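Colleague: Dropping a structure here in structure tokens format, bear with me for questions.
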Amino acid sequence: MIVSKFGGTSVGSYEAMSRSANIIVDNPKRSWVVISATSGTTNDLLRLCSLPINSDEGNGLLEQILRRHLDIASQCSFKKEAIKAVEECMHNLSAHLSKQQSSKDHSETQWVDTLLAFGEILSTQLFAWVLREKNLDVQLKWAGNFICTDSVFGLAAVNLKVTYAKLQHFLTANEGFGSDLKPGNVLLTQGFIGADVQGRTTTLGRGGSDYSAALFAEALEAECLEIWTDVAGVYTTDPRVVSTAHAIDEISFDEAAELSIFGGKVLHPAMVKPVRRANIPVRVASSMEPELPGTNIVTNPLNRPVVRTLSVRKEQTLMTLHSLEMLHQPGFLAKVFSILSEHSISVDLVTTSEVSVSLTLDTAHKASNKVELSEAVLRALNDFCDVEVEYNLALVAVIGNALNQTLGISGQLFSTLKDYNIRLISHGASANNVCFLVDESDAEAVVQTLHQSFIG
Ligand code: ADP
Ligand code: ASP
Ligand code: MG
């Protein structure tokens with residue numbers, strides 16, 4: 001069985017849905033299909049959360065969501081059924097919105113997760129009809145039936161044991177499902193959403209559909225996971241930043257993990273772990289040009305260049321702590337890290353000198369890169385050191401192989417970036433990356449310069 005995930009733009013219009021459905025028709029092994037909300041819908045829903053009920057802007061957004069989906073439904077051969085499905089979902093969405101202030105039986109974050117999930121519910125409802133139009137036999141299942149999470153709304157952690165048991169049980173109960181014996185039999189479900197033990201909807205963090213798909217692939221022992229998106233694979237860097245960036249044929253799981261953690265939006269940071277654990281190859285390809293080879297993510301790629309790809313993560317926060325206490329005093333860093341840990345802040349990059357330490361704060365598993373440093377944490381640190389915090393920085397990562405053992409690489413990097421102020425550099429801890437912190441306003445020029453010099 002192949003697990004195929006289609007992102008927002010791959011289901012963003014009737015043409016896009018139809019093209020994606022043809023990809024499924026092309027190979028009967030593509031029997032487990034995971035999709036995101038149509039492009040723009042999750043952002044619209046998130047914006048809705050912050051608006052008062054019945055505001056002009058809110059009503060405008062609702063109208064926009066309705067029109068986007070009705071437009072798809074009205075072009076489908078099963079037009080009547082598809083329109084009815086959209087209208088039902090929109091009715092439920094409006095009812096949920098009106099509960100915002102009135103109900104005390106939910107927390108704000110719980111309410112937001114249920115609202116966001118409507119994006120994926122709408123898209124799967126419609127995609128099911130587009131698949132049926134292609135004579136596929138579709139079972140549409142709510143992802144909360146399978147993906148079991150804790151109750152941390154907005155960024156729920158998946159209980160792998162329960163999730164995998166549920167999926168294995170589904171396969172046993174549907175014997176033969178997904179094998180070539182039953183061509184045209186497709187299970188369609190939502191990415192990004194799950195449910196806690198009480199059956200309440202949770203979400204896995206922005207862009208989390210890739211993660212859902214990787215979990216399905218691992219639990220179902222898929223032979224391959226396909227990520228169908230709007231670019232023809234994993235590129236040498238974000239093609240929106242560097243126009244000469246190109247798709248990579250093959251990349252290792254280790255490099256893909258670094259790329260996703262350091263801002264390569266094409267893959268969600270959590271998705272690599274399950275597929276690497278289960279050694280399931282991943283193919284990233286464009287649903288608009290499915291004939292192109294795309295990128296294969298594998299354990300042992302044939303080619304291991306020193307510099308393979310570049311990524312950038314904006315909105316970084318740098319915290320610098322100065323104290324004479326640090327000089328030859330054991331325990332200073334332990335004290336710093338324990339305060340950060342008490343406030344659930346984890347650290348990304350660290351550099352130290354005799355009397356100071358600079359840290360960037362880890363946001364890899366958060367929905368946004370913004371870190372809010374509370375008064376309490378600053379006060380606790382200020383008790384024994386001077387604290388300086390700088391915002392609006394960007395972390396640029398050079399990703400490849402044997403970077404910590406390649407002669408001359410640091411010299412080449414520094415001379416390439418001689419015109420930029422590098423606020424922090426992290427080199428040596430990983431064979432797969434070298435990271436710099438630069439001003440956010442320089443980030444794109446830095447990536448363009450590095451791309452030109454190292455990748456071409
Ligand atoms: P989807 O909706 O299919 O999940 P995303 O928007 O999440 O798609 O991810 C695809 C986007 O990721 C591309 O349009 C591209 O701009 C961006 N991106 C960032 N870094 C890379 C990279 N190294 N390779 C390919 N795309 C990248
Ligand atoms: N629709 C969700 C989002 O926009 C999940 C995803 O696209 O992967 O974040
Ligand atoms: Mg994505």
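Residues in the structure tokens are named by chain (A, B, ... in the order shown) and by number from 1 within that chain; ligands are numbered from 1 in the order shown.
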At a cut-off of 10 Å, using only C-alpha atoms, what residues contact Gln75 (chain A)? Leave out same-chain residues fewer than 3 positions from it and give the result as a list in words.

Modeller: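 The filter keeps Ser13, Tyr14, Glu15, Leu70, Asp71, Ile72, Phe78, Lys79, Ala82, Ile83 and Val130 of chain A.
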
Colleague: Give me the chain A side of the contact with ligand 1, cut-off 8 Å, one line per residue showing its nearest atom pair and distance in Å at one decimal, counting only C-alpha atoms and all ligand atoms, sorted by chain and residue number, as JSON lines.

Modeller:
```
{"residue": "A:Phe6", "atom": "CA", "partner": "ligand 1", "partner_atom_place_in_ligand_line": "3 (O)", "distance": 6.2}
{"residue": "A:Gly7", "atom": "CA", "partner": "ligand 1", "partner_atom_place_in_ligand_line": "3 (O)", "distance": 3.3}
{"residue": "A:Gly8", "atom": "CA", "partner": "ligand 1", "partner_atom_place_in_ligand_line": "2 (O)", "distance": 4.0}
{"residue": "A:Thr9", "atom": "CA", "partner": "ligand 1", "partner_atom_place_in_ligand_line": "2 (O)", "distance": 5.5}
{"residue": "A:Ser10", "atom": "CA", "partner": "ligand 1", "partner_atom_place_in_ligand_line": "3 (O)", "distance": 6.4}
{"residue": "A:Ser36", "atom": "CA", "partner": "ligand 1", "partner_atom_place_in_ligand_line": "2 (O)", "distance": 7.1}
{"residue": "A:Ser39", "atom": "CA", "partner": "ligand 1", "partner_atom_place_in_ligand_line": "2 (O)", "distance": 6.6}
{"residue": "A:Gly207", "atom": "CA", "partner": "ligand 1", "partner_atom_place_in_ligand_line": "7 (O)", "distance": 5.8}
{"residue": "A:Ser209", "atom": "CA", "partner": "ligand 1", "partner_atom_place_in_ligand_line": "4 (O)", "distance": 7.2}
{"residue": "A:Asp210", "atom": "CA", "partner": "ligand 1", "partner_atom_place_in_ligand_line": "4 (O)", "distance": 7.0}
{"residue": "A:Ile227", "atom": "CA", "partner": "ligand 1", "partner_atom_place_in_ligand_line": "3 (O)", "distance": 7.5}
{"residue": "A:Trp228", "atom": "CA", "partner": "ligand 1", "partner_atom_place_in_ligand_line": "3 (O)", "distance": 6.2}
{"residue": "A:Thr229", "atom": "CA", "partner": "ligand 1", "partner_atom_place_in_ligand_line": "3 (O)", "distance": 3.6}
{"residue": "A:Asp230", "atom": "CA", "partner": "ligand 1", "partner_atom_place_in_ligand_line": "14 (O)", "distance": 5.4}
{"residue": "A:Val231", "atom": "CA", "partner": "ligand 1", "partner_atom_place_in_ligand_line": "14 (O)", "distance": 5.6}
{"residue": "A:Ala232", "atom": "CA", "partner": "ligand 1", "partner_atom_place_in_ligand_line": "25 (C)", "distance": 7.5}
{"residue": "A:Gly233", "atom": "CA", "partner": "ligand 1", "partner_atom_place_in_ligand_line": "25 (C)", "distance": 5.9}
{"residue": "A:Val234", "atom": "CA", "partner": "ligand 1", "partner_atom_place_in_ligand_line": "24 (N)", "distance": 3.8}
{"residue": "A:Tyr235", "atom": "CA", "partner": "ligand 1", "partner_atom_place_in_ligand_line": "24 (N)", "distance": 3.6}
{"residue": "A:Thr236", "atom": "CA", "partner": "ligand 1", "partner_atom_place_in_ligand_line": "23 (N)", "distance": 5.5}
{"residue": "A:Thr237", "atom": "CA", "partner": "ligand 1", "partner_atom_place_in_ligand_line": "23 (N)", "distance": 4.0}
{"residue": "A:Asp238", "atom": "CA", "partner": "ligand 1", "partner_atom_place_in_ligand_line": "20 (N)", "distance": 3.6}
{"residue": "A:Pro239", "atom": "CA", "partner": "ligand 1", "partner_atom_place_in_ligand_line": "16 (O)", "distance": 5.7}
{"residue": "A:Arg240", "atom": "CA", "partner": "ligand 1", "partner_atom_place_in_ligand_line": "16 (O)", "distance": 5.2}
{"residue": "A:Val241", "atom": "CA", "partner": "ligand 1", "partner_atom_place_in_ligand_line": "16 (O)", "distance": 7.9}
{"residue": "A:Ala247", "atom": "CA", "partner": "ligand 1", "partner_atom_place_in_ligand_line": "24 (N)", "distance": 7.1}
{"residue": "A:Leu259", "atom": "CA", "partner": "ligand 1", "partner_atom_place_in_ligand_line": "23 (N)", "distance": 7.0}
{"residue": "A:Gly263", "atom": "CA", "partner": "ligand 1", "partner_atom_place_in_ligand_line": "20 (N)", "distance": 6.9}
{"residue": "A:Gly264", "atom": "CA", "partner": "ligand 1", "partner_atom_place_in_ligand_line": "20 (N)", "distance": 3.8}
{"residue": "A:Lys265", "atom": "CA", "partner": "ligand 1", "partner_atom_place_in_ligand_line": "12 (O)", "distance": 4.3}
{"residue": "A:Val266", "atom": "CA", "partner": "ligand 1", "partner_atom_place_in_ligand_line": "9 (O)", "distance": 3.5}
{"residue": "A:Leu267", "atom": "CA", "partner": "ligand 1", "partner_atom_place_in_ligand_line": "9 (O)", "distance": 6.6}
{"residue": "A:His268", "atom": "CA", "partner": "ligand 1", "partner_atom_place_in_ligand_line": "7 (O)", "distance": 7.6}
{"residue": "A:Thr309", "atom": "CA", "partner": "ligand 1", "partner_atom_place_in_ligand_line": "23 (N)", "distance": 6.6}
{"residue": "A:Leu310", "atom": "CA", "partner": "ligand 1", "partner_atom_place_in_ligand_line": "23 (N)", "distance": 6.9}
{"residue": "A:Ser311", "atom": "CA", "partner": "ligand 1", "partner_atom_place_in_ligand_line": "20 (N)", "distance": 6.4}
```

Colleague: Since we have the selection now, will you write its residues out, keeping N, CA, C and O atoms, as a compact mmCIF listing (two decimals), in the first residue's frame?

Modeller:
```
# COMPACT_ATOMS: atom_id res chain seq x y z
N PHE A 6 -1.99 14.81 -0.02
CA PHE A 6 -2.11 15.95 -0.92
C PHE A 6 -2.28 17.21 -0.09
O PHE A 6 -3.17 17.28 0.77
N GLY A 7 -1.43 18.20 -0.35
CA GLY A 7 -1.48 19.45 0.42
C GLY A 7 -2.54 20.41 -0.11
O GLY A 7 -3.25 20.10 -1.08
N GLY A 8 -2.62 21.58 0.53
CA GLY A 8 -3.69 22.55 0.26
C GLY A 8 -3.84 22.95 -1.19
O GLY A 8 -4.96 22.99 -1.72
N THR A 9 -2.71 23.25 -1.87
CA THR A 9 -2.86 23.69 -3.27
C THR A 9 -3.24 22.51 -4.17
O THR A 9 -3.86 22.71 -5.21
N SER A 10 -2.89 21.29 -3.75
CA SER A 10 -3.23 20.11 -4.57
C SER A 10 -4.72 19.78 -4.50
O SER A 10 -5.19 18.91 -5.24
N SER A 36 -5.14 17.80 3.13
CA SER A 36 -5.20 19.02 3.96
C SER A 36 -6.46 19.78 3.60
O SER A 36 -7.17 19.43 2.67
N SER A 39 -6.27 25.31 -0.01
CA SER A 39 -5.28 26.34 0.36
C SER A 39 -5.96 27.64 0.78
O SER A 39 -6.92 28.07 0.16
N GLY A 207 0.63 22.82 9.38
CA GLY A 207 1.36 21.99 8.41
C GLY A 207 1.39 20.52 8.80
O GLY A 207 2.09 19.72 8.19
N SER A 209 -0.39 17.94 8.41
CA SER A 209 -0.89 16.84 7.58
C SER A 209 0.23 15.90 7.13
O SER A 209 0.01 14.70 6.98
N ASP A 210 1.42 16.46 6.93
CA ASP A 210 2.57 15.61 6.55
C ASP A 210 2.84 14.61 7.68
O ASP A 210 3.15 13.44 7.44
N ILE A 227 4.27 12.56 -0.74
CA ILE A 227 3.83 13.90 -0.35
C ILE A 227 3.64 14.68 -1.65
O ILE A 227 4.61 15.04 -2.32
N TRP A 228 2.38 14.88 -2.02
CA TRP A 228 2.09 15.62 -3.26
C TRP A 228 1.85 17.09 -2.89
O TRP A 228 1.00 17.40 -2.07
N THR A 229 2.65 17.97 -3.51
CA THR A 229 2.58 19.37 -3.13
C THR A 229 2.60 20.27 -4.36
O THR A 229 2.27 19.82 -5.47
N ASP A 230 2.95 21.56 -4.16
CA ASP A 230 2.91 22.50 -5.29
C ASP A 230 4.27 22.73 -5.92
O ASP A 230 4.42 23.59 -6.77
N VAL A 231 5.30 22.03 -5.45
CA VAL A 231 6.62 22.11 -6.08
C VAL A 231 7.08 20.68 -6.39
O VAL A 231 6.62 19.73 -5.75
N ALA A 232 8.01 20.59 -7.37
CA ALA A 232 8.36 19.26 -7.88
C ALA A 232 9.39 18.55 -7.01
O ALA A 232 10.35 17.99 -7.51
N GLY A 233 9.24 18.62 -5.70
CA GLY A 233 10.13 17.88 -4.82
C GLY A 233 10.72 18.79 -3.77
O GLY A 233 10.29 19.93 -3.57
N VAL A 234 11.73 18.25 -3.08
CA VAL A 234 12.50 19.05 -2.13
C VAL A 234 13.54 19.78 -2.97
O VAL A 234 14.29 19.16 -3.72
N TYR A 235 13.60 21.08 -2.84
CA TYR A 235 14.52 21.89 -3.65
C TYR A 235 15.79 22.22 -2.87
O TYR A 235 15.85 22.07 -1.65
N THR A 236 16.75 22.72 -3.65
CA THR A 236 18.03 23.12 -3.04
C THR A 236 17.84 24.27 -2.05
O THR A 236 18.67 24.49 -1.18
N THR A 237 16.77 25.02 -2.20
CA THR A 237 16.28 25.93 -1.17
C THR A 237 14.87 26.34 -1.59
O THR A 237 14.41 25.94 -2.66
N ASP A 238 14.19 27.13 -0.77
CA ASP A 238 12.83 27.51 -1.12
C ASP A 238 12.83 28.24 -2.48
O ASP A 238 13.44 29.31 -2.61
N PRO A 239 12.16 27.68 -3.47
CA PRO A 239 12.18 28.33 -4.80
C PRO A 239 11.55 29.72 -4.80
O PRO A 239 11.76 30.49 -5.73
N ARG A 240 10.81 30.05 -3.74
CA ARG A 240 10.26 31.40 -3.67
C ARG A 240 11.34 32.42 -3.28
O ARG A 240 11.21 33.60 -3.51
N VAL A 241 12.42 31.90 -2.68
CA VAL A 241 13.51 32.78 -2.26
C VAL A 241 14.61 32.85 -3.34
O VAL A 241 15.18 33.89 -3.60
N ALA A 247 14.96 20.99 -7.96
CA ALA A 247 14.57 19.80 -7.19
C ALA A 247 15.77 18.86 -7.04
O ALA A 247 16.58 18.72 -7.96
N LEU A 259 16.36 19.88 7.38
CA LEU A 259 15.70 20.86 6.51
C LEU A 259 14.35 21.27 7.09
O LEU A 259 14.01 22.45 7.15
N GLY A 263 13.20 25.14 8.91
CA GLY A 263 12.34 26.05 8.17
C GLY A 263 11.92 25.65 6.78
O GLY A 263 11.19 26.38 6.13
N GLY A 264 12.39 24.50 6.28
CA GLY A 264 11.96 24.06 4.94
C GLY A 264 10.50 23.64 4.99
O GLY A 264 10.18 22.52 5.35
N LYS A 265 9.62 24.56 4.63
CA LYS A 265 8.19 24.36 4.86
C LYS A 265 7.62 23.16 4.10
O LYS A 265 6.54 22.65 4.45
N VAL A 266 8.34 22.71 3.09
CA VAL A 266 7.80 21.63 2.26
C VAL A 266 7.52 20.35 3.07
O VAL A 266 6.67 19.55 2.70
N LEU A 267 8.23 20.18 4.20
CA LEU A 267 7.99 19.02 5.07
C LEU A 267 7.76 19.50 6.50
O LEU A 267 8.45 20.40 6.97
N HIS A 268 6.83 18.85 7.19
CA HIS A 268 6.61 19.19 8.60
C HIS A 268 7.72 18.55 9.46
O HIS A 268 8.09 17.40 9.22
N THR A 309 21.36 21.54 0.57
CA THR A 309 20.20 22.43 0.57
C THR A 309 20.36 23.50 1.66
O THR A 309 21.18 23.35 2.58
N LEU A 310 19.61 24.57 1.52
CA LEU A 310 19.67 25.68 2.48
C LEU A 310 18.26 25.96 2.97
O LEU A 310 17.31 25.86 2.19
N SER A 311 18.16 26.34 4.24
CA SER A 311 16.81 26.70 4.69
C SER A 311 16.90 27.93 5.58
O SER A 311 17.99 28.31 6.04
```

Colleague: Please report, as a tab-separated table, each residue of region 383-406 of chain A lying at most 7 Å from region 414-436 of chain A, together with the nearest pair of atoms and the separation in Å rounded to one decimal; use only C-alpha atoms, and order rows by chain and ascending residue number.

Modeller:
```
residue	atom	partner	partner_atom	distance
A:Leu395	CA	A:Phe436	CA	5.6
A:Val396	CA	A:Phe436	CA	5.2
A:Ala397	CA	A:Cys435	CA	4.3
A:Val398	CA	A:Val434	CA	5.2
A:Ile399	CA	A:Asn433	CA	4.5
A:Gly400	CA	A:Asn432	CA	5.0
A:Asn401	CA	A:Asn432	CA	4.9
A:Ala402	CA	A:Ala431	CA	4.7
A:Leu403	CA	A:Ala431	CA	5.0
A:Asn404	CA	A:Gly428	CA	4.9
```

Colleague: Using only N, CA and C atoms, please write the residues we just selected to a file, as a short mmCIF file (atom, residue, chain, number, x, y, z; two decimals), in the first residue's frame.

Modeller:
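Contents of part.cif, as written:
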```cif
data_model
loop_
_atom_site.label_atom_id
_atom_site.label_comp_id
_atom_site.auth_asym_id
_atom_site.auth_seq_id
_atom_site.Cartn_x
_atom_site.Cartn_y
_atom_site.Cartn_z
N LEU A 395 17.37 32.40 11.21
CA LEU A 395 18.34 31.32 11.31
C LEU A 395 18.48 30.70 9.92
N VAL A 396 19.69 30.76 9.39
CA VAL A 396 19.93 30.18 8.07
C VAL A 396 20.70 28.89 8.29
N ALA A 397 20.25 27.80 7.70
CA ALA A 397 20.94 26.53 7.88
C ALA A 397 21.48 26.03 6.54
N VAL A 398 22.73 25.64 6.58
CA VAL A 398 23.37 24.99 5.42
C VAL A 398 23.30 23.50 5.74
N ILE A 399 22.65 22.74 4.87
CA ILE A 399 22.39 21.32 5.19
C ILE A 399 23.07 20.42 4.17
N GLY A 400 23.74 19.40 4.67
CA GLY A 400 24.43 18.49 3.76
C GLY A 400 25.05 17.35 4.55
N ASN A 401 26.27 16.97 4.16
CA ASN A 401 26.90 15.80 4.77
C ASN A 401 28.34 16.07 5.17
N ALA A 402 28.76 15.47 6.25
CA ALA A 402 30.14 15.58 6.77
C ALA A 402 30.59 17.03 6.86
N LEU A 403 29.66 17.92 7.18
CA LEU A 403 30.00 19.34 7.25
C LEU A 403 31.02 19.62 8.36
N ASN A 404 30.99 18.77 9.40
CA ASN A 404 31.92 19.00 10.51
C ASN A 404 33.29 18.36 10.28
#
```

Colleague: Tell me, which residues of region 284-398 of chain A carry DSSP strand (DSSP E or B), written as a ChimeraX atom specification?

Modeller: /A:284-286,295-298,307-322,347-352,356-361,386-398

Colleague: Per residue of chain A within 10 Å of ligand 2, what are the shortest atom pair and its distance in Å to one decimal, counting only C-alpha atoms and all ligand atoms, with rows by chain and residue number, as a Markdown table?

Modeller:
```
| residue | atom | partner | partner_atom_place_in_ligand_line | distance |
| --- | --- | --- | --- | --- |
| A:Lys5 | CA | ligand 2 | 8 (O) | 9.3 |
| A:Phe6 | CA | ligand 2 | 8 (O) | 8.9 |
| A:Gly7 | CA | ligand 2 | 7 (O) | 5.9 |
| A:Gly8 | CA | ligand 2 | 7 (O) | 5.7 |
| A:Thr9 | CA | ligand 2 | 7 (O) | 9.2 |
| A:Val34 | CA | ligand 2 | 8 (O) | 9.9 |
| A:Ile35 | CA | ligand 2 | 8 (O) | 8.0 |
| A:Ser36 | CA | ligand 2 | 7 (O) | 4.7 |
| A:Ala37 | CA | ligand 2 | 1 (N) | 4.5 |
| A:Thr38 | CA | ligand 2 | 1 (N) | 7.3 |
| A:Ser39 | CA | ligand 2 | 4 (O) | 7.2 |
| A:Gly40 | CA | ligand 2 | 4 (O) | 7.3 |
| A:Thr41 | CA | ligand 2 | 1 (N) | 7.2 |
| A:Thr42 | CA | ligand 2 | 4 (O) | 4.8 |
| A:Asn43 | CA | ligand 2 | 4 (O) | 6.6 |
| A:Asp44 | CA | ligand 2 | 4 (O) | 9.7 |
| A:Leu45 | CA | ligand 2 | 4 (O) | 9.7 |
| A:Leu46 | CA | ligand 2 | 4 (O) | 9.5 |
| A:Leu116 | CA | ligand 2 | 1 (N) | 7.9 |
| A:Ala117 | CA | ligand 2 | 1 (N) | 8.1 |
| A:Phe118 | CA | ligand 2 | 1 (N) | 9.6 |
| A:Gly119 | CA | ligand 2 | 1 (N) | 6.6 |
| A:Glu120 | CA | ligand 2 | 1 (N) | 6.5 |
| A:Ser123 | CA | ligand 2 | 1 (N) | 9.7 |
| A:Gln190 | CA | ligand 2 | 5 (C) | 9.1 |
| A:Gly191 | CA | ligand 2 | 8 (O) | 6.4 |
| A:Phe192 | CA | ligand 2 | 5 (C) | 4.9 |
| A:Ile193 | CA | ligand 2 | 5 (C) | 8.2 |
| A:Thr203 | CA | ligand 2 | 5 (C) | 8.6 |
| A:Leu204 | CA | ligand 2 | 5 (C) | 8.2 |
| A:Gly205 | CA | ligand 2 | 9 (O) | 6.6 |
| A:Arg206 | CA | ligand 2 | 9 (O) | 3.4 |
| A:Gly207 | CA | ligand 2 | 8 (O) | 3.2 |
| A:Gly208 | CA | ligand 2 | 8 (O) | 4.3 |
| A:Ser209 | CA | ligand 2 | 8 (O) | 3.7 |
| A:Asp210 | CA | ligand 2 | 8 (O) | 5.9 |
| A:Tyr211 | CA | ligand 2 | 8 (O) | 8.0 |
| A:Ser212 | CA | ligand 2 | 8 (O) | 8.5 |
| A:Ala213 | CA | ligand 2 | 8 (O) | 9.6 |
| A:Val266 | CA | ligand 2 | 8 (O) | 9.8 |
| A:Leu267 | CA | ligand 2 | 8 (O) | 9.1 |
| A:His268 | CA | ligand 2 | 8 (O) | 7.8 |
| A:Ala367 | CA | ligand 2 | 9 (O) | 8.5 |
```

Colleague: Keeping only C-alpha atoms, take the residues you just selected and write them out as a PDB file, in the first residue's frame.

Modeller:
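File produced: result_2.pdb:
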```pdb
ATOM      1  CA  LYS A   5      -0.878  12.964   1.067  1.00  0.00           C
ATOM      2  CA  PHE A   6      -2.112  15.948  -0.925  1.00  0.00           C
ATOM      3  CA  GLY A   7      -1.475  19.451   0.415  1.00  0.00           C
ATOM      4  CA  GLY A   8      -3.686  22.548   0.264  1.00  0.00           C
ATOM      5  CA  THR A   9      -2.858  23.686  -3.271  1.00  0.00           C
ATOM      6  CA  VAL A  34      -4.690  11.954   3.410  1.00  0.00           C
ATOM      7  CA  ILE A  35      -5.547  15.525   2.515  1.00  0.00           C
ATOM      8  CA  SER A  36      -5.202  19.016   3.958  1.00  0.00           C
ATOM      9  CA  ALA A  37      -7.717  21.820   3.908  1.00  0.00           C
ATOM     10  CA  THR A  38      -8.005  23.702   0.599  1.00  0.00           C
ATOM     11  CA  SER A  39      -5.277  26.339   0.364  1.00  0.00           C
ATOM     12  CA  GLY A  40      -6.023  29.446   2.393  1.00  0.00           C
ATOM     13  CA  THR A  41      -8.844  27.860   4.404  1.00  0.00           C
ATOM     14  CA  THR A  42      -6.922  27.148   7.630  1.00  0.00           C
ATOM     15  CA  ASN A  43      -5.590  30.728   7.585  1.00  0.00           C
ATOM     16  CA  ASP A  44      -9.134  32.058   7.064  1.00  0.00           C
ATOM     17  CA  LEU A  45     -10.451  29.953   9.942  1.00  0.00           C
ATOM     18  CA  LEU A  46      -7.639  31.079  12.206  1.00  0.00           C
ATOM     19  CA  LEU A 116      -9.848  24.631  12.345  1.00  0.00           C
ATOM     20  CA  ALA A 117     -10.795  21.019  11.672  1.00  0.00           C
ATOM     21  CA  PHE A 118     -13.684  22.231   9.501  1.00  0.00           C
ATOM     22  CA  GLY A 119     -11.068  23.072   6.849  1.00  0.00           C
ATOM     23  CA  GLU A 120     -10.033  19.448   6.489  1.00  0.00           C
ATOM     24  CA  SER A 123     -11.941  19.357   1.740  1.00  0.00           C
ATOM     25  CA  GLN A 190      -8.002  14.209   7.023  1.00  0.00           C
ATOM     26  CA  GLY A 191      -4.464  15.231   7.841  1.00  0.00           C
ATOM     27  CA  PHE A 192      -3.725  17.601  10.749  1.00  0.00           C
ATOM     28  CA  ILE A 193      -6.528  16.467  13.050  1.00  0.00           C
ATOM     29  CA  THR A 203      -4.854  19.431  15.907  1.00  0.00           C
ATOM     30  CA  LEU A 204      -1.199  18.539  15.427  1.00  0.00           C
ATOM     31  CA  GLY A 205       0.225  22.000  14.653  1.00  0.00           C
ATOM     32  CA  ARG A 206       0.311  24.000  11.429  1.00  0.00           C
ATOM     33  CA  GLY A 207       1.364  21.993   8.414  1.00  0.00           C
ATOM     34  CA  GLY A 208       0.684  18.824  10.414  1.00  0.00           C
ATOM     35  CA  SER A 209      -0.890  16.836   7.582  1.00  0.00           C
ATOM     36  CA  ASP A 210       2.568  15.608   6.552  1.00  0.00           C
ATOM     37  CA  TYR A 211       2.973  14.252  10.070  1.00  0.00           C
ATOM     38  CA  SER A 212      -0.435  12.541   9.985  1.00  0.00           C
ATOM     39  CA  ALA A 213       0.485  10.914   6.677  1.00  0.00           C
ATOM     40  CA  VAL A 266       7.803  21.626   2.257  1.00  0.00           C
ATOM     41  CA  LEU A 267       7.987  19.019   5.067  1.00  0.00           C
ATOM     42  CA  HIS A 268       6.607  19.192   8.601  1.00  0.00           C
ATOM     43  CA  ALA A 367       2.876  26.400  15.504  1.00  0.00           C
TER      44      ALA A 367
END
```

Colleague: Report the distance between CA of Arg313 (chain A) and CA of Ala394 (chain A) in Å, rounded to one decimal place.

Modeller: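 Atom-to-atom, CA of Arg313 (chain A) to CA of Ala394 (chain A), that is 5.6 Å.
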
Colleague: Considering only C-alpha atoms, return as an MDAnalysis selection string whatever protein or nucleic-acid residues lie within 9 Å of Glu444 (chain A), sequence-local ones (same chain, fewer than 3 positions apart) excluded.

Modeller: chainID A and resid 241:242 312 440:441 447:449

Colleague: Find the residue from A:Val377, A:Leu413, A:Val350, A:Ala222 that sits nearest to Ser338 (chain A); use only C-alpha atoms when measuring.

Modeller: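 With only C-alpha atoms as the atom set, the closest residue is A:Val377.
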
Colleague: Give me the residues within 6 Å of region 147-150 of chain A as an MDAnalysis selection string, counting only C-alpha atoms and dropping any in the same chain fewer than 2 places off.

Modeller: chainID A and resid 143:144 152 156:159 163 194:196

Colleague: If you count only C-alpha atoms, which residues fall within 12 Å of Glu223 (chain A), apart from same-chain ones fewer than 5 positions away, as a VMD selection string?

Modeller: chain A and resid 1 to 4 29 to 32 178 to 179 214 216 to 218 275 278 to 283

Colleague: Would you mind telling me which residue in A:Ser77, A:Leu93, A:Ala285, A:Leu131 lies nearest to Glu63 (chain A) when using only C-alpha atoms?

Modeller: A:Leu93

Colleague: For Ser358 (chain A), find every residue with an atom within 9 Å (counting only C-alpha atoms), except residues of its own chain fewer than 5 positions away, and show them as a ChimeraX atom specification.

Modeller: /A:318-322,349-353,424

Colleague: Measuring atom to atom with only C-alpha atoms and all ligand atoms, identify which of A:Leu215, A:Val138, A:Ala270, A:Val162 is nearest to ligand 3.

Modeller: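 Counting only C-alpha atoms and all ligand atoms, the residue closest to ligand 3 is A:Ala270.
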
Colleague: Select, from A:Glu390, A:Gln316, A:Pro269, A:Ala95, the residue with the minimum atom-to-atom distance to ligand 3, counting only C-alpha atoms and all ligand atoms.

Modeller: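 Of A:Glu390, A:Gln316, A:Pro269, A:Ala95, the one nearest ligand 3, counting only C-alpha atoms and all ligand atoms, is A:Pro269.
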
Colleague: I need the alpha helix (DSSP H) residues of region 220-280 of chain A per DSSP on the backbone, written as a PyMOL selection string.

Modeller: chain A and resi 253-261+272-277

Colleague: What lies within 10 Å of region 49-60 of chain A using only C-alpha atoms, ignoring chain neighbours under 6 positions off, as number ranges by chain?

Modeller: A: 66, 94, 97-101, 108, 111-112, 115-116

Colleague: For each of A:Val389, A:Leu48, A:Leu126, A:Leu61, take the minimum atom-to-atom distance to Cys76 (chain A), counting only C-alpha atoms, then give the residue where this is smallest.

Modeller: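 Ranking A:Val389, A:Leu48, A:Leu126, A:Leu61 by distance to Cys76 (chain A), first place goes to A:Leu126.
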